[in-house]
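K.L.:
Structure supplied as upload-v2.cif; contents: mmCIF, C-alpha atoms.
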data_protein
loop_
_atom_site.label_atom_id
_atom_site.label_comp_id
_atom_site.auth_asym_id
_atom_site.auth_seq_id
_atom_site.Cartn_x
_atom_site.Cartn_y
_atom_site.Cartn_z
CA MET A 255 13.01 -9.34 6.15
CA SER A 256 16.29 -8.06 4.77
CA LEU A 257 14.82 -5.02 2.98
CA ALA A 258 13.38 -3.59 6.19
CA GLY A 259 15.26 -0.93 8.08
CA PRO A 260 15.16 -0.48 11.86
CA ASP A 261 12.20 1.93 11.77
CA ASP A 262 10.21 0.12 9.07
CA HIS A 263 6.92 -1.73 9.58
CA ILE A 264 6.33 -5.17 8.03
CA LEU A 265 2.71 -6.26 7.59
CA ARG A 266 1.22 -9.64 6.63
CA ALA A 267 -2.36 -10.89 6.73
CA GLU A 268 -2.59 -13.82 9.16
CA GLY A 269 -3.95 -17.24 8.21
CA VAL A 270 -4.38 -16.49 4.49
CA GLY A 271 -2.09 -16.04 1.53
CA SER A 272 -0.76 -12.54 1.86
CA PRO A 273 1.56 -10.04 0.28
CA VAL A 274 4.31 -8.67 2.49
CA THR A 275 3.74 -4.96 2.98
CA LEU A 276 6.63 -2.69 3.94
CA ILE A 277 6.18 0.82 5.32
CA GLU A 278 9.43 2.74 5.40
CA GLY A 279 10.29 5.06 8.28
CA ALA A 280 8.22 6.59 11.04
CA VAL A 281 4.49 6.77 10.25
CA THR A 282 1.22 7.56 11.98
CA ASP A 283 -1.15 4.97 13.39
CA GLU A 284 -3.62 6.02 10.67
CA ALA A 285 -1.06 5.18 7.96
CA VAL A 286 -0.42 1.76 9.53
CA HIS A 287 -4.18 1.04 9.59
CA LEU A 288 -4.50 2.11 5.94
CA ALA A 289 -1.55 -0.09 4.93
CA ALA A 290 -3.08 -3.00 6.88
CA SER A 291 -6.39 -2.60 5.05
CA LEU A 292 -4.55 -2.52 1.70
CA CYS A 293 -2.56 -5.62 2.69
CA ALA A 294 -5.83 -7.36 3.64
CA ARG A 295 -7.41 -6.36 0.31
CA TYR A 296 -4.60 -7.95 -1.70
CA SER A 297 -4.55 -11.07 0.48
CA ASP A 298 -6.60 -14.22 0.01
CA GLY A 299 -8.88 -12.83 2.74
CA LYS A 300 -10.05 -9.92 0.58
CA ASN A 301 -13.66 -11.13 0.70
CA PHE A 302 -13.73 -11.51 4.50
CA SER A 303 -15.49 -8.91 6.62
CA GLU A 304 -12.37 -8.62 8.79
CA VAL A 305 -8.75 -9.78 8.47
CA SER A 306 -6.08 -10.04 11.17
CA VAL A 307 -2.88 -8.35 9.99
CA SER A 308 0.39 -8.76 11.88
CA VAL A 309 2.50 -5.63 12.18
CA SER A 310 6.19 -5.97 13.06
CA ILE A 311 8.59 -3.15 13.85
CA LYS A 312 12.01 -3.61 15.39
CA ASN A 313 11.70 -6.61 17.74
CA GLU A 314 8.01 -6.10 18.51
CA SER A 315 4.86 -7.24 16.76
CA TYR A 316 1.11 -6.86 17.22
CA ASN A 317 -2.07 -7.70 15.32
CA LEU A 318 -4.66 -5.37 13.87
CA LYS A 319 -8.13 -6.49 12.86
CA VAL A 320 -9.09 -4.51 9.77
CA LYS A 321 -11.66 -4.50 6.99
CA PRO A 322 -10.06 -5.06 3.59
CA ALA A 323 -9.84 -1.79 1.65
CA ASN A 324 -12.87 -1.16 -0.55
CA ASN A 325 -12.81 -0.16 -4.22
CA GLU A 326 -12.99 3.54 -3.38
CA ILE A 327 -9.83 3.38 -1.26
CA ILE A 328 -8.07 1.25 -3.89
CA ALA A 329 -8.95 3.83 -6.59
CA MET A 330 -7.39 6.64 -4.51
CA PHE A 331 -3.99 4.90 -4.57
CA MET A 332 -4.09 3.16 -7.95
CA ILE A 333 -1.34 3.98 -10.40
CA GLU A 334 -2.79 4.13 -13.87
CA LYS A 335 -1.03 3.60 -17.14
CA ASN A 336 -0.53 6.88 -19.01
CA ALA A 337 -1.68 6.33 -22.60
CA SER A 338 0.77 8.95 -23.92
CA LEU A 339 3.83 7.12 -22.60
CA PRO A 340 5.47 4.46 -24.77
CA VAL A 341 5.17 0.84 -23.68
CA ILE A 342 8.56 -0.79 -23.15
CA THR A 343 8.69 -4.50 -23.88
#
Before we go any further, please render this structure as structure tokens.
P.N.:
Amino acid sequence: MSLAGPDDHILRAEGVGSPVTLIEGAVTDEAVHLAASLCARYSDGKNFSEVSVSVSIKNESYNLKVKPANNEIIAMFMIEKNASLPVIT
């Protein structure tokens, strides 16, 4: 992926339609697991009990088996529209 830098992680859910998730820079294992669960949630496997997510960094890759993020986790990271801001069309 051309947008990824040398220390960036690229995540994709395996075997289902999936967004490509990019994590920039050095991150913790916990952050990678969270990103994998978010990637799984927005994939076509969102209703599965577990999704295999491939994680690539530099020339290495591995798979994580994660539960898709639940509504509570999604709500923690959701960006909401601010009613006081004008809508640009």
K.L.:
Can you pull out every residue within 12 Å of region 307-319 of chain A, counting all atoms listed in the file, but drop anything in the same chain fewer than 3 positions away, and send it as a ChimeraX atom specification?
P.N.:
/A:255,258-281,283-284,286-297,299-300,302-304,322
K.L.:
Would you compute the distance between CA of Glu334 (chain A) and CA of Asp298 (chain A)? Give it in Å to one decimal.
P.N.:
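Answer for the CA of Glu334 (chain A) to CA of Asp298 (chain A) separation: 23.3 Å.
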K.L.:
Work out how far CA of Val305 (chain A) is from CA of Val320 (chain A), in Å to one decimal.
P.N.:
5.4 Å
K.L.:
For region 318-332 of chain A, take all atoms listed in the file, fit an axis-aligned box around them, add 3 Å to each of the six sides, then output centre and edge lengths in Å rounded to one decimal, as JSON.
P.N.:
{"center_x": -8.5, "center_y": 0.1, "center_z": 3.0, "size_x": 15.0, "size_y": 19.1, "size_z": 27.8}
K.L.:
Let me make sure I understand: among A:Leu257, A:Ile328, A:Ala285, A:Ala323, which one has the smallest atom-to-atom distance to Asn301 (chain A) if we use all atoms listed in the file?
P.N.:
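Between A:Leu257, A:Ile328, A:Ala285, A:Ala323, the residue approaching Asn301 (chain A) most closely is A:Ala323.
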